[in-house]
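Novice: Below is the file query-v2.txt, with compact mmCIF, C-alpha atoms.
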# COMPACT_ATOMS: atom_id res chain seq x y z
CA MET I 1 31.78 -24.63 -54.71
CA PRO I 2 32.81 -24.08 -51.09
CA ILE I 3 33.09 -27.06 -48.79
CA ARG I 4 30.48 -27.09 -46.03
CA ASN I 5 31.56 -27.75 -42.50
CA PRO I 6 28.44 -28.95 -40.61
CA VAL I 7 30.33 -29.09 -37.30
CA GLY I 8 31.54 -25.53 -37.70
CA GLU I 9 28.05 -24.37 -38.69
CA ALA I 10 26.53 -26.10 -35.65
CA GLU I 11 29.13 -24.55 -33.39
CA ALA I 12 28.45 -21.12 -34.90
CA ALA I 13 24.69 -21.58 -34.45
CA GLU I 14 25.22 -22.68 -30.85
CA ARG I 15 27.47 -19.68 -30.24
CA ARG I 16 24.83 -17.32 -31.70
CA LEU I 17 22.13 -18.87 -29.48
CA ARG I 18 24.36 -18.59 -26.43
CA GLU I 19 25.16 -14.95 -27.26
CA GLU I 20 21.45 -14.19 -27.71
CA ALA I 21 20.60 -15.85 -24.36
CA THR I 22 23.42 -13.97 -22.66
CA ARG I 23 22.23 -10.70 -24.19
CA LYS I 24 18.67 -11.29 -22.91
CA VAL I 25 19.94 -12.19 -19.45
CA ASN I 26 22.13 -9.08 -19.39
CA GLU I 27 19.13 -6.97 -20.41
CA ALA I 28 17.08 -8.52 -17.57
CA LYS I 29 19.97 -7.94 -15.16
CA ASN I 30 20.19 -4.30 -16.27
CA ARG I 31 16.42 -3.84 -15.81
CA ILE I 32 16.72 -5.24 -12.28
CA GLN I 33 19.67 -2.96 -11.51
CA ASP I 34 17.85 0.08 -12.93
CA ALA I 35 14.76 -0.78 -10.88
CA ILE I 36 16.82 -1.08 -7.72
CA ASN I 37 18.65 2.18 -8.44
CA SER I 38 15.38 4.05 -9.09
CA GLY I 39 13.89 2.79 -5.81
CA VAL I 40 10.99 0.98 -7.44
CA ASP I 41 8.57 -0.77 -5.06
CA SER I 42 8.71 -4.13 -6.85
CA LEU I 43 10.89 -5.99 -9.30
CA ASN I 44 9.80 -7.87 -12.39
CA ARG I 45 9.68 -11.46 -11.17
CA GLN I 46 10.37 -12.80 -14.66
CA ASP I 47 13.61 -10.83 -14.86
CA VAL I 48 14.74 -12.12 -11.46
CA ALA I 49 13.85 -15.69 -12.42
CA LYS I 50 15.61 -15.37 -15.81
CA VAL I 51 18.87 -14.15 -14.26
CA SER I 52 18.68 -16.80 -11.53
CA GLU I 53 18.11 -19.65 -14.00
CA HIS I 54 20.89 -18.41 -16.30
CA PHE I 55 23.31 -18.29 -13.40
CA LYS I 56 22.39 -21.82 -12.30
CA GLU I 57 22.70 -23.22 -15.84
CA HIS I 58 26.14 -21.71 -16.47
CA ILE I 59 27.99 -22.74 -13.33
CA PRO I 60 31.35 -24.15 -14.47
CA PRO I 61 31.90 -27.75 -13.28
CA GLU I 62 35.12 -26.87 -11.47
CA ILE I 63 33.26 -24.58 -9.09
CA THR I 64 30.18 -26.73 -8.70
CA LYS I 65 30.33 -26.71 -4.91
CA LYS I 66 30.78 -22.93 -4.74
CA GLY I 67 28.27 -22.52 -7.55
CA LYS I 68 25.67 -24.51 -5.65
CA GLU I 69 26.30 -22.34 -2.59
CA TYR I 70 25.81 -19.24 -4.74
CA ALA I 71 22.66 -20.72 -6.27
CA LEU I 72 21.26 -21.43 -2.80
CA LYS I 73 22.08 -17.89 -1.73
CA LEU I 74 20.39 -16.61 -4.88
CA GLU I 75 17.25 -18.60 -4.05
CA GLU I 76 17.39 -17.14 -0.54
CA VAL I 77 17.58 -13.64 -2.00
CA LYS I 78 14.62 -14.38 -4.30
CA SER I 79 12.52 -15.52 -1.33
CA LYS I 80 13.56 -12.43 0.64
CA ILE I 81 12.53 -10.23 -2.30
CA GLN I 82 9.15 -12.00 -2.33
CA GLU I 83 8.78 -11.44 1.43
CA LEU I 84 9.62 -7.75 1.00
CA GLN I 85 7.15 -7.38 -1.84
CA ASN I 86 4.46 -8.99 0.34
CA ALA I 87 5.44 -6.76 3.25
CA LEU I 88 5.06 -3.67 1.05
CA ASP I 89 1.79 -4.84 -0.53
CA ILE I 90 -1.00 -2.83 1.11
CA ASN I 91 -3.57 -5.56 0.38
CA MET I 92 -1.45 -8.17 2.15
CA ILE I 93 -1.02 -5.81 5.11
CA LYS I 94 -4.76 -5.17 5.22
CA LYS I 95 -5.52 -8.89 5.06
CA GLU I 96 -3.05 -9.67 7.86
CA MET I 97 -4.44 -6.88 10.07
CA LEU I 98 -8.02 -8.04 9.55
CA TYR I 99 -7.04 -11.62 10.32
CA ARG I 100 -5.34 -10.57 13.58
CA ALA I 101 -8.35 -8.43 14.54
CA GLU I 102 -10.69 -11.38 13.88
CA GLU I 103 -8.55 -13.60 16.11
CA PHE I 104 -8.58 -10.94 18.85
CA CYS I 105 -12.38 -10.51 18.69
CA GLU I 106 -12.95 -14.27 18.80
CA ALA I 107 -10.65 -14.58 21.83
CA CYS I 108 -12.48 -11.74 23.62
CA LEU I 109 -15.87 -13.30 22.91
CA LYS I 110 -14.66 -16.71 24.04
CA GLU I 111 -13.43 -15.19 27.31
CA LYS I 112 -16.65 -13.22 27.90
CA LEU I 113 -18.78 -16.31 27.19
CA GLY I 114 -16.73 -18.52 29.52
CA PHE I 115 -19.54 -18.47 32.10
CA LEU I 116 -21.69 -20.65 29.79
CA SER I 117 -19.76 -23.77 30.80
CA SER I 118 -21.16 -23.38 34.34
CA ILE I 119 -24.68 -23.91 32.97
CA SER I 120 -23.82 -26.85 30.66
CA LEU I 121 -23.44 -24.77 27.50
CA LYS I 122 -20.53 -24.35 25.12
CA SER I 123 -20.00 -21.45 22.72
CA ILE I 124 -17.99 -21.13 19.53
CA PRO I 125 -17.59 -17.53 18.33
CA ARG I 126 -16.79 -16.73 14.69
CA VAL I 127 -15.88 -13.21 13.59
CA LYS I 128 -15.42 -12.01 10.02
CA LEU I 129 -14.13 -8.48 9.40
CA ASP I 130 -13.96 -6.71 6.06
CA PHE I 131 -12.82 -3.25 5.04
CA ASN I 132 -13.40 -2.01 1.50
CA GLY I 133 -11.54 1.28 1.95
CA GLN I 134 -14.56 3.30 3.05
CA GLU I 135 -16.55 1.21 5.50
CA GLU I 136 -15.92 -1.65 7.87
CA ASN I 137 -18.14 -4.72 8.04
CA LEU I 138 -18.33 -6.97 11.08
CA ASP I 139 -20.05 -10.34 10.98
CA ALA I 140 -20.06 -11.96 14.42
CA ARG I 141 -21.76 -15.30 15.02
CA ILE I 142 -21.87 -17.30 18.20
CA LYS I 143 -22.91 -20.94 18.15
CA VAL I 144 -24.16 -22.23 21.49
CA PHE I 145 -24.38 -25.98 22.24
CA PHE I 146 -25.70 -27.99 25.15
CA ILE I 147 -23.09 -30.22 26.74
CA GLY I 148 -23.96 -33.24 28.78
CA ALA I 149 -27.40 -34.89 28.78
CA PRO I 150 -29.55 -34.78 25.64
CA PHE I 151 -32.94 -33.06 25.61
CA GLN I 152 -35.91 -34.91 27.10
CA SER I 153 -39.43 -34.07 26.05
Give the structure from the file, written as structure tokens.

Specialist:
Amino acid sequence: MPIRNPVGEAEAAERRLREEATRKVNEAKNRIQDAINSGVDSLNRQDVAKVSEHFKEHIPPEITKKGKEYALKLEEVKSKIQELQNALDINMIKKEMLYRAEEFCEACLKEKLGFLSSISLKSIPRVKLDFNGQEENLDARIKVFFIGAPFQS
């Protein structure tokens, strides 16, 4: 009957797990590289996160300082990728444009209604724009308040 070596078996199991994790990370890295090479509009966020986490977990202690710098740079790259994905997302662009247009309309209304302060009134304009791809919707509301003395009946 062969003699069992539990330490050797544990080391072998750990080595197999490490090899499997490395294989999965390499597959994710290859998918990211293929996506970049093919000019895809977006990357799989899970693949990017998997490679990033693997890199951070396997920084050798002797290069901890450099490793931390690399990890910070990697986080920076991840945030830049997110910014680029948002910049290329047509819905985000549409939302940002509508928001800016709402601000512009409110500022114009506020300027045009500036004369109300000369007759003890204050106005607060609110503009909501929406575009569903075929038609634009504009919801403009102006609240007008008396300033100064309360009403007397």

Novice: Using CA of Glu75 in chain I and CA of Asp47 in chain I as the two end points, give the distance in Å to one decimal.

Specialist: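 Atom-to-atom, CA of Glu75 in chain I to CA of Asp47 in chain I, that is 13.8 Å.
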
Novice: Take CA of Ala13 in chain I and CA of Ala28 in chain I and report the distance between them in Å, one decimal.

Specialist: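 Atom-to-atom, CA of Ala13 in chain I to CA of Ala28 in chain I, that is 22.7 Å.
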
Novice: List the spatial neighbours of range 102-118 of chain I as number ranges by chain - criterion: any atom at most 9 Å away, all atoms listed in the file, same-chain residues fewer than 5 positions off excluded.

Specialist: I: 97, 123-129, 140, 142, 144, 147

Novice: Using all atoms listed in the file, pick whichever of I:Gly133, I:Lys50, I:Asp139, I:Ile119 has the shortest atom-to-atom distance to Ala21 in chain I.

Specialist: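 Closest to Ala21 in chain I of all the choices is I:Lys50.
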
Novice: As an exercise, work out the distance from CA of Arg31 in chain I to CA of Ser52 in chain I in Å and give it to one decimal place.

Specialist: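 Interatomic distance, CA of Arg31 in chain I to CA of Ser52 in chain I: 13.8 Å.
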
Novice: Out of I:Ala87, I:Val51, I:Leu98, I:Leu138, which residue has the shortest atom-to-atom distance to Lys24 in chain I when counting all atoms listed in the file?

Specialist: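 Of all the options, I:Val51 lies closest to Lys24 in chain I.
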
Novice: I'd like the neighbourhood of Leu74 in chain I as a count of residues only, where a residue qualifies if any of its atoms comes within 10 Å (using all atoms listed in the file), though same-chain residues fewer than 3 positions away should be ignored.

Specialist: 14

Novice: For a quick check of understanding, using only C-alpha atoms, which of I:Glu135, I:Arg23, I:Arg16, I:Asp130 has the smallest distance to Glu96 in chain I?

Specialist: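 Looking only at the distances to Glu96 in chain I, the closest residue turns out to be I:Asp130.
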